[in-house]
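Visitor: Next comes the structure file work18.cif, holding mmCIF, C-alpha atoms and all ligand atoms.
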```cif
data_start
loop_
_atom_site.label_atom_id
_atom_site.label_comp_id
_atom_site.auth_asym_id
_atom_site.auth_seq_id
_atom_site.Cartn_x
_atom_site.Cartn_y
_atom_site.Cartn_z
CA MET P 1 -86.43 -81.05 -51.67
CA GLY P 2 -89.26 -82.06 -54.05
CA ASP P 3 -89.42 -85.41 -55.74
CA ARG P 4 -85.94 -86.39 -54.70
CA VAL P 5 -86.91 -86.76 -51.07
CA ILE P 6 -86.78 -90.43 -50.37
CA GLN P 7 -87.73 -92.21 -47.22
CA ARG P 8 -84.30 -93.79 -46.77
CA HIS P 9 -82.64 -90.37 -46.62
CA VAL P 10 -85.20 -88.99 -44.12
CA PHE P 11 -85.02 -92.15 -42.02
CA GLY P 12 -81.21 -92.06 -42.04
CA THR P 13 -81.07 -88.42 -40.91
CA VAL P 14 -83.60 -88.86 -38.10
CA PHE P 15 -82.01 -92.11 -36.97
CA ALA P 16 -78.52 -90.57 -36.88
CA VAL P 17 -79.62 -87.55 -34.82
CA GLU P 18 -81.72 -89.63 -32.40
CA SER P 19 -78.83 -92.09 -31.94
CA ALA P 20 -76.38 -89.26 -31.25
CA VAL P 21 -78.69 -87.70 -28.63
CA ALA P 22 -79.37 -91.11 -27.03
CA ALA P 23 -75.63 -91.88 -26.94
CA LEU P 24 -74.86 -88.49 -25.38
CA VAL P 25 -77.51 -88.92 -22.65
CA PHE P 26 -76.32 -92.48 -22.01
CA LEU P 27 -72.69 -91.37 -21.62
CA VAL P 28 -73.61 -88.50 -19.30
CA VAL P 29 -75.69 -90.85 -17.08
CA LEU P 30 -72.86 -93.42 -17.05
CA ALA P 31 -70.31 -90.74 -16.14
CA LEU P 32 -72.48 -89.44 -13.29
CA MET P 33 -72.99 -92.97 -11.96
CA ALA P 34 -69.27 -93.71 -12.16
CA TYR P 35 -68.54 -90.42 -10.37
CA ALA P 36 -71.04 -91.28 -7.59
CA VAL P 37 -69.62 -94.81 -7.13
CA VAL P 38 -66.01 -93.63 -7.04
CA ARG P 39 -66.88 -90.85 -4.61
CA ARG P 40 -68.71 -93.23 -2.31
CA ARG P 41 -65.92 -95.84 -2.43
CA ALA P 42 -63.47 -93.10 -1.51
CA GLY P 43 -65.51 -92.64 1.65
CA ARG P 44 -66.43 -89.02 0.99
CA HIS P 45 -70.13 -89.37 1.56
CA GLY P 46 -72.22 -87.49 4.01
CA ALA P 47 -75.74 -88.06 5.22
CA ALA P 48 -78.44 -88.89 2.66
CA SER P 49 -79.73 -85.71 1.09
CA ARG P 50 -83.15 -84.39 1.97
CA ARG P 51 -85.75 -83.69 -0.64
CA SER P 52 -85.32 -79.97 -0.39
CA ASP P 53 -81.54 -80.02 -0.68
CA ARG P 54 -81.14 -79.08 -4.32
CA PRO P 55 -84.39 -77.68 -5.74
CA VAL P 56 -82.61 -75.53 -8.32
CA LEU P 57 -80.50 -78.44 -9.58
CA GLU P 58 -83.60 -80.60 -9.89
CA LYS P 59 -85.44 -77.93 -11.87
CA TYR P 60 -82.44 -77.61 -14.15
CA TYR P 61 -82.38 -81.39 -14.61
CA VAL P 62 -86.10 -81.51 -15.49
CA GLY P 63 -85.67 -78.56 -17.86
CA VAL P 64 -82.78 -80.18 -19.76
CA LEU P 65 -84.63 -83.50 -20.15
CA THR P 66 -87.79 -81.72 -21.32
CA ALA P 67 -85.77 -79.74 -23.85
CA PHE P 68 -84.21 -82.94 -25.24
CA ALA P 69 -87.61 -84.64 -25.50
CA ALA P 70 -89.24 -81.59 -27.13
CA PHE P 71 -86.38 -81.31 -29.65
CA LEU P 72 -86.61 -85.00 -30.60
CA ILE P 73 -90.39 -84.88 -31.04
CA ALA P 74 -90.28 -81.68 -33.10
CA TRP P 75 -87.31 -82.84 -35.21
CA THR P 76 -88.93 -86.20 -36.03
CA ALA P 77 -92.36 -84.66 -36.74
CA TRP P 78 -90.83 -82.04 -39.04
CA HIS P 79 -88.95 -84.65 -41.08
CA ASN P 80 -92.02 -86.86 -41.18
CA HIS P 81 -93.98 -83.91 -42.53
CA GLN P 82 -91.31 -83.28 -45.20
CA GLU P 83 -91.60 -86.86 -46.43
CA HIS P 84 -95.39 -87.07 -46.28
CA ARG P 85 -96.39 -83.73 -47.76
CA PRO P 86 -98.74 -83.90 -50.76
CA PRO P 87 -96.87 -84.67 -54.01
CA ASP P 88 -96.41 -81.89 -56.59
CA ARG P 89 -97.92 -84.06 -59.32
CA THR P 90 -100.92 -86.35 -59.50
CA PRO P 91 -99.63 -89.70 -58.33
CA VAL P 92 -99.83 -92.94 -60.28
CA ARG P 93 -102.12 -95.34 -58.46
CA VAL P 94 -101.42 -98.98 -57.63
CA ASP P 95 -103.78 -101.22 -55.65
CA VAL P 96 -101.94 -103.67 -53.42
CA GLN P 97 -103.62 -106.69 -51.91
CA GLY P 98 -101.93 -109.02 -49.42
CA PHE P 99 -103.28 -112.54 -49.06
CA GLN P 100 -102.20 -115.85 -47.56
CA TRP P 101 -99.49 -116.08 -48.74
CA CYS P 102 -98.54 -113.68 -51.51
CA TRP P 103 -99.37 -110.30 -53.08
CA LYS P 104 -101.40 -108.87 -55.92
CA PHE P 105 -100.47 -105.56 -57.54
CA SER P 106 -103.15 -104.03 -59.79
CA HIS P 107 -102.77 -100.93 -61.95
CA PRO P 108 -106.25 -99.38 -62.25
CA GLN P 109 -105.02 -96.79 -64.79
CA SER P 110 -103.84 -99.54 -67.13
CA PRO P 111 -105.81 -99.83 -70.41
CA ALA P 112 -104.66 -103.47 -70.50
CA LYS P 113 -105.87 -104.08 -66.90
CA ARG P 114 -102.33 -104.94 -65.93
CA SER P 115 -101.76 -106.74 -62.65
CA ALA P 116 -99.10 -108.99 -61.14
CA THR P 117 -99.43 -111.80 -58.66
CA GLY P 118 -97.83 -115.15 -57.92
CA THR P 119 -97.60 -117.98 -55.44
CA CYS P 120 -94.53 -116.66 -53.55
CA ARG P 121 -93.13 -120.18 -53.79
CA GLY P 122 -89.50 -120.40 -54.83
CA LYS P 123 -88.80 -117.85 -57.54
CA ASP P 124 -92.47 -117.20 -58.36
CA LEU P 125 -92.48 -113.73 -56.80
CA PRO P 126 -94.73 -110.96 -58.11
CA THR P 127 -93.17 -107.66 -59.19
CA LEU P 128 -94.64 -104.27 -58.32
CA VAL P 129 -93.66 -102.10 -61.30
CA VAL P 130 -93.60 -98.33 -60.71
CA PRO P 131 -92.29 -95.34 -62.71
CA ALA P 132 -89.05 -93.79 -61.40
CA GLY P 133 -89.19 -90.12 -60.45
CA ARG P 134 -92.98 -89.94 -60.23
CA PRO P 135 -95.11 -90.13 -57.08
CA VAL P 136 -96.88 -93.45 -56.72
CA GLN P 137 -99.88 -93.84 -54.46
CA LEU P 138 -100.20 -97.34 -53.02
CA ARG P 139 -103.66 -98.32 -51.78
CA LEU P 140 -103.18 -101.26 -49.46
CA SER P 141 -105.72 -103.85 -48.39
CA ALA P 142 -105.78 -107.52 -47.42
CA LYS P 143 -107.97 -110.42 -48.48
CA ASP P 144 -107.91 -112.45 -45.28
CA VAL P 145 -105.74 -111.46 -42.31
CA ILE P 146 -103.43 -108.56 -41.52
CA HIS P 147 -100.21 -108.40 -43.55
CA SER P 148 -97.63 -105.66 -43.82
CA LEU P 149 -95.90 -104.39 -46.94
CA TRP P 150 -92.23 -103.88 -46.14
CA ILE P 151 -89.36 -102.76 -48.39
CA PRO P 152 -86.42 -102.88 -45.95
CA ASP P 153 -83.82 -101.23 -48.21
CA LEU P 154 -86.07 -98.23 -48.85
CA ARG P 155 -87.43 -98.03 -45.27
CA TYR P 156 -91.06 -98.30 -46.31
CA LYS P 157 -93.49 -100.32 -44.22
CA MET P 158 -97.25 -100.18 -43.84
CA ASP P 159 -99.88 -102.65 -42.62
CA THR P 160 -102.59 -104.04 -44.88
CA PHE P 161 -106.01 -104.73 -43.32
CA PRO P 162 -108.96 -106.78 -44.60
CA ASP P 163 -111.57 -104.12 -43.81
CA HIS P 164 -109.67 -100.89 -44.35
CA VAL P 165 -107.64 -99.26 -47.13
CA ASN P 166 -104.30 -97.79 -46.06
CA THR P 167 -102.75 -95.29 -48.42
CA PHE P 168 -99.27 -93.90 -48.80
CA THR P 169 -97.31 -92.19 -51.53
CA LEU P 170 -93.73 -92.96 -52.42
CA THR P 171 -91.33 -91.60 -55.01
CA LEU P 172 -88.36 -93.67 -56.13
CA ASP P 173 -85.84 -91.27 -57.60
CA HIS P 174 -83.96 -93.76 -59.76
CA GLU P 175 -84.52 -97.01 -61.62
CA GLY P 176 -83.73 -100.22 -59.81
CA ARG P 177 -85.12 -103.28 -58.17
CA TRP P 178 -85.55 -103.98 -54.46
CA ARG P 179 -86.85 -106.91 -52.44
CA GLY P 180 -90.04 -106.55 -50.44
CA ARG P 181 -91.37 -108.71 -47.62
CA CYS P 182 -94.35 -109.22 -45.34
CA ALA P 183 -93.63 -107.78 -41.90
CA GLU P 184 -96.71 -109.06 -40.05
CA PHE P 185 -96.86 -112.70 -39.00
CA CYS P 186 -99.79 -114.05 -41.01
CA GLY P 187 -99.57 -117.83 -40.84
CA GLU P 188 -97.74 -120.88 -42.07
CA ARG P 189 -95.97 -119.39 -45.13
CA HIS P 190 -95.53 -115.84 -43.85
CA TYR P 191 -91.77 -116.27 -44.24
CA SER P 192 -92.06 -116.75 -48.03
CA MET P 193 -94.25 -113.70 -48.77
CA ASP P 194 -91.56 -111.85 -50.72
CA PHE P 195 -91.98 -109.67 -53.80
CA TRP P 196 -89.95 -107.32 -55.98
CA ILE P 197 -90.49 -103.63 -56.48
CA GLN P 198 -89.02 -102.43 -59.74
CA ALA P 199 -88.75 -98.75 -60.74
CA VAL P 200 -88.58 -98.27 -64.51
CA SER P 201 -88.47 -95.16 -66.70
CA PRO P 202 -91.87 -93.42 -67.14
CA LYS P 203 -91.78 -94.42 -70.83
CA ASP P 204 -91.28 -98.09 -69.95
CA TYR P 205 -94.00 -97.83 -67.32
CA ASP P 206 -96.41 -96.51 -69.92
CA ARG P 207 -95.54 -99.43 -72.19
CA TYR P 208 -96.07 -101.79 -69.27
CA LEU P 209 -99.55 -100.32 -68.62
CA HIS P 210 -100.38 -100.94 -72.27
CA GLY P 211 -99.56 -104.60 -71.85
CA GLN P 212 -96.16 -104.58 -73.52
CA PRO P 213 -93.16 -106.36 -72.04
CA LEU P 214 -90.60 -104.29 -70.13
CA ALA P 215 -87.23 -103.50 -71.71
CA THR P 216 -85.77 -105.03 -68.56
CA PRO P 217 -88.15 -107.92 -67.89
CA ALA P 218 -89.88 -107.88 -64.50
CA GLY P 219 -88.07 -110.25 -62.21
CA ALA P 220 -84.71 -109.94 -63.98
CA ALA P 221 -81.72 -108.61 -62.11
CA VAL P 222 -81.04 -104.89 -62.56
CU CU K 301 -98.22 -111.78 -44.44
#
```
What do you get writing this file as structure tokens?

Guide:
Amino acid sequence: MGDRVIQRHVFGTVFAVESAVAALVFLVVLALMAYAVVRRRAGRHGAASRRSDRPVLEKYYVGVLTAFAAFLIAWTAWHNHQEHRPPDRTPVRVDVQGFQWCWKFSHPQSPAKRSATGTCRGKDLPTLVVPAGRPVQLRLSAKDVIHSLWIPDLRYKMDTFPDHVNTFTLTLDHEGRWRGRCAEFCGERHYSMDFWIQAVSPKDYDRYLHGQPLATPAGAAV
């Protein structure tokens, strides 16, 4: 699947399959309960069963549940592995720092020492600029307390810690702009810790690293 694997697709597939299995199990349990209630109300009930009444049925029941659980674990782990395998190309690096109450995005490979930050008050939101179609490694840390970088539309979320660097690699397969948030309650203005993530063409990203303005200015609607 290569570079075009995006988290939203993987998340959607896993979520759909897990929901279908959960719904199936739920319906089967409901049907069995309804059957038991109706049967009892109809008065066709004998003495309470003893433990040893249906050993084969119980083994079958345990086996089916174990098979469902094993399938779900293996299915999810396999998809997780597909998304998190090492990128084919050297990723672009961006250092992300969360602080009370905004973000700072630094591009260490930028000759112009490019970085973006803001106050996260009103429309003063920082923009994380990344190249579309290329793997981007985010190195996350925090200045004060725990925050969490969250891009709901793309299904990315990872905590940022003051004393530890968390790393993950994402690839956005097309240009666009999405809203990001803080997903870890971090104090008084946690609710306003929003930012933008904007994927631009690799050529525009290179210009951005060299300190030139973007063709589509950061913060403008795409
Ligand atoms: Cu926060």

Visitor: Point out the residue among P:Cys120, P:Ala215, P:Val14, P:Leu30 with the least atom-to-atom distance to ligand CU 301 (chain K), counting all atoms listed in the file.

Guide: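 Comparing P:Cys120, P:Ala215, P:Val14, P:Leu30 against ligand CU 301 (chain K), the winner is P:Cys120.
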
Visitor: To one decimal place in Å, what is the distance between CA of Ile73 in chain P and CA of Pro135 in chain P?

Guide: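 Spanning CA of Ile73 in chain P to CA of Pro135 in chain P is a straight-line distance of 27.0 Å.
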
Visitor: Give as a ChimeraX atom specification the residues surrounding ligand CU 301 (chain K) up to a distance of 7 Å, considering only C-alpha atoms and all ligand atoms.

Guide: /P:98-101,146-148,182-186,190,193

Visitor: Report, in Å with one decimal, the straight-line distance from CA of Met33 in chain P to CA of Trp75 in chain P.

Guide: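 Between CA of Met33 in chain P and CA of Trp75 in chain P the gap works out to 29.1 Å.
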
Visitor: Which residues are near Leu214 in chain P? Cut-off 12 Å, all atoms listed in the file, ignore same chain within fewer than 3 positions. Put them as a list in words.

Guide: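 Here the answer would be Thr127, Val129, Val130, Pro131, Gln198, Ala199, Val200, Ser201, Pro202, Lys203, Asp204, Tyr205, Asp206, Arg207, Tyr208, Leu209, His210, Gly211, Pro217, Ala218, Gly219 and Ala220 of chain P.
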
Visitor: Can you pull out every residue within 12 Å of range 64-71 of chain P, counting all atoms listed in the file, but drop anything in the same chain fewer than 6 positions away, and send it as a list in words?

Guide: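 Listing them by chain and then by number gives Val14, Val17, Glu18, Ala20, Val21, Ala22, Leu24, Val25, Val29, Leu57, Glu58, Ala77 and Trp78 of chain P.
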
Visitor: May I ask which of the residues P:Ala142, P:Trp196, P:Arg41, P:Lys113 is the closest one to Thr160 in chain P, counting only C-alpha atoms?

Guide: P:Ala142

Visitor: Give me, please, the distance in Å between CA of Trp103 in chain P and CA of Val145 in chain P, quoted to one decimal.

Guide: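 Distance reported for this atom pair: 12.6 Å.
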
Visitor: Looking at all atoms listed in the file, which of P:Glu188, P:His84, P:Arg177, P:Phe15 is the one that sits closest to Cys102 in chain P?

Guide: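 Using all atoms listed in the file, the shortest distance to Cys102 in chain P belongs to P:Glu188.
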
Visitor: Find the residues near Arg179 in chain P: any atom within 9 Å, counting all atoms listed in the file, skip ones fewer than 3 places away on the same chain, and give them as a list of chain:residue names.

Guide: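 Once the adjacent positions are removed, what remains is P:Trp150, P:Ile151, P:Pro152, P:Asp153, P:Asp194, P:Phe195, P:Trp196, P:Ile197, P:Gln198.
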
Visitor: For each of P:Arg93, P:Lys143, P:Lys59, P:His81, take the minimum atom-to-atom distance to His107 in chain P, counting only C-alpha atoms, then give the residue where this is smallest.

Guide: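 Using only C-alpha atoms, the shortest distance to His107 in chain P belongs to P:Arg93.
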
Visitor: Just the residues within 9 Å of Ser115 in chain P, please, counting all atoms listed in the file, with nothing from its chain fewer than 5 positions along; format it as a PDB file with C-alpha atoms, in the coordinates of the input.

Guide:
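Output contents, as saved in result-v6.pdb:
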```pdb
ATOM      1  CA  LYS P 104    -101.400-108.870 -55.920  1.00  0.00           C
ATOM      2  CA  PHE P 105    -100.470-105.560 -57.540  1.00  0.00           C
ATOM      3  CA  SER P 106    -103.150-104.030 -59.790  1.00  0.00           C
ATOM      4  CA  HIS P 107    -102.770-100.930 -61.950  1.00  0.00           C
ATOM      5  CA  PRO P 108    -106.250 -99.380 -62.250  1.00  0.00           C
ATOM      6  CA  SER P 110    -103.840 -99.540 -67.130  1.00  0.00           C
ATOM      7  CA  LEU P 128     -94.640-104.270 -58.320  1.00  0.00           C
TER       8      LEU P 128
END
```

Visitor: Between P:Ala132, P:Gly63, P:Trp178, P:Leu154, which is the closest to Phe11 in chain P once you count only C-alpha atoms?

Guide: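 Among P:Ala132, P:Gly63, P:Trp178, P:Leu154, it is P:Leu154 that comes nearest to Phe11 in chain P.
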
Visitor: Residues proximal to (-104.3, -99.7, -50.7) were defined as those with any atom within 10 Å of that point in the file's coordinates, counting only C-alpha atoms. Which are they, as a PyMOL selection string?

Guide: chain P and resi 93-98+105+137-142+158-161+164-168

Visitor: Nearest residue to Thr76 in chain P out of P:Gln212, P:Thr171, P:Thr13, P:Ser192, using only C-alpha atoms?

Guide: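 Using only C-alpha atoms, Thr76 in chain P sits closest to P:Thr13.
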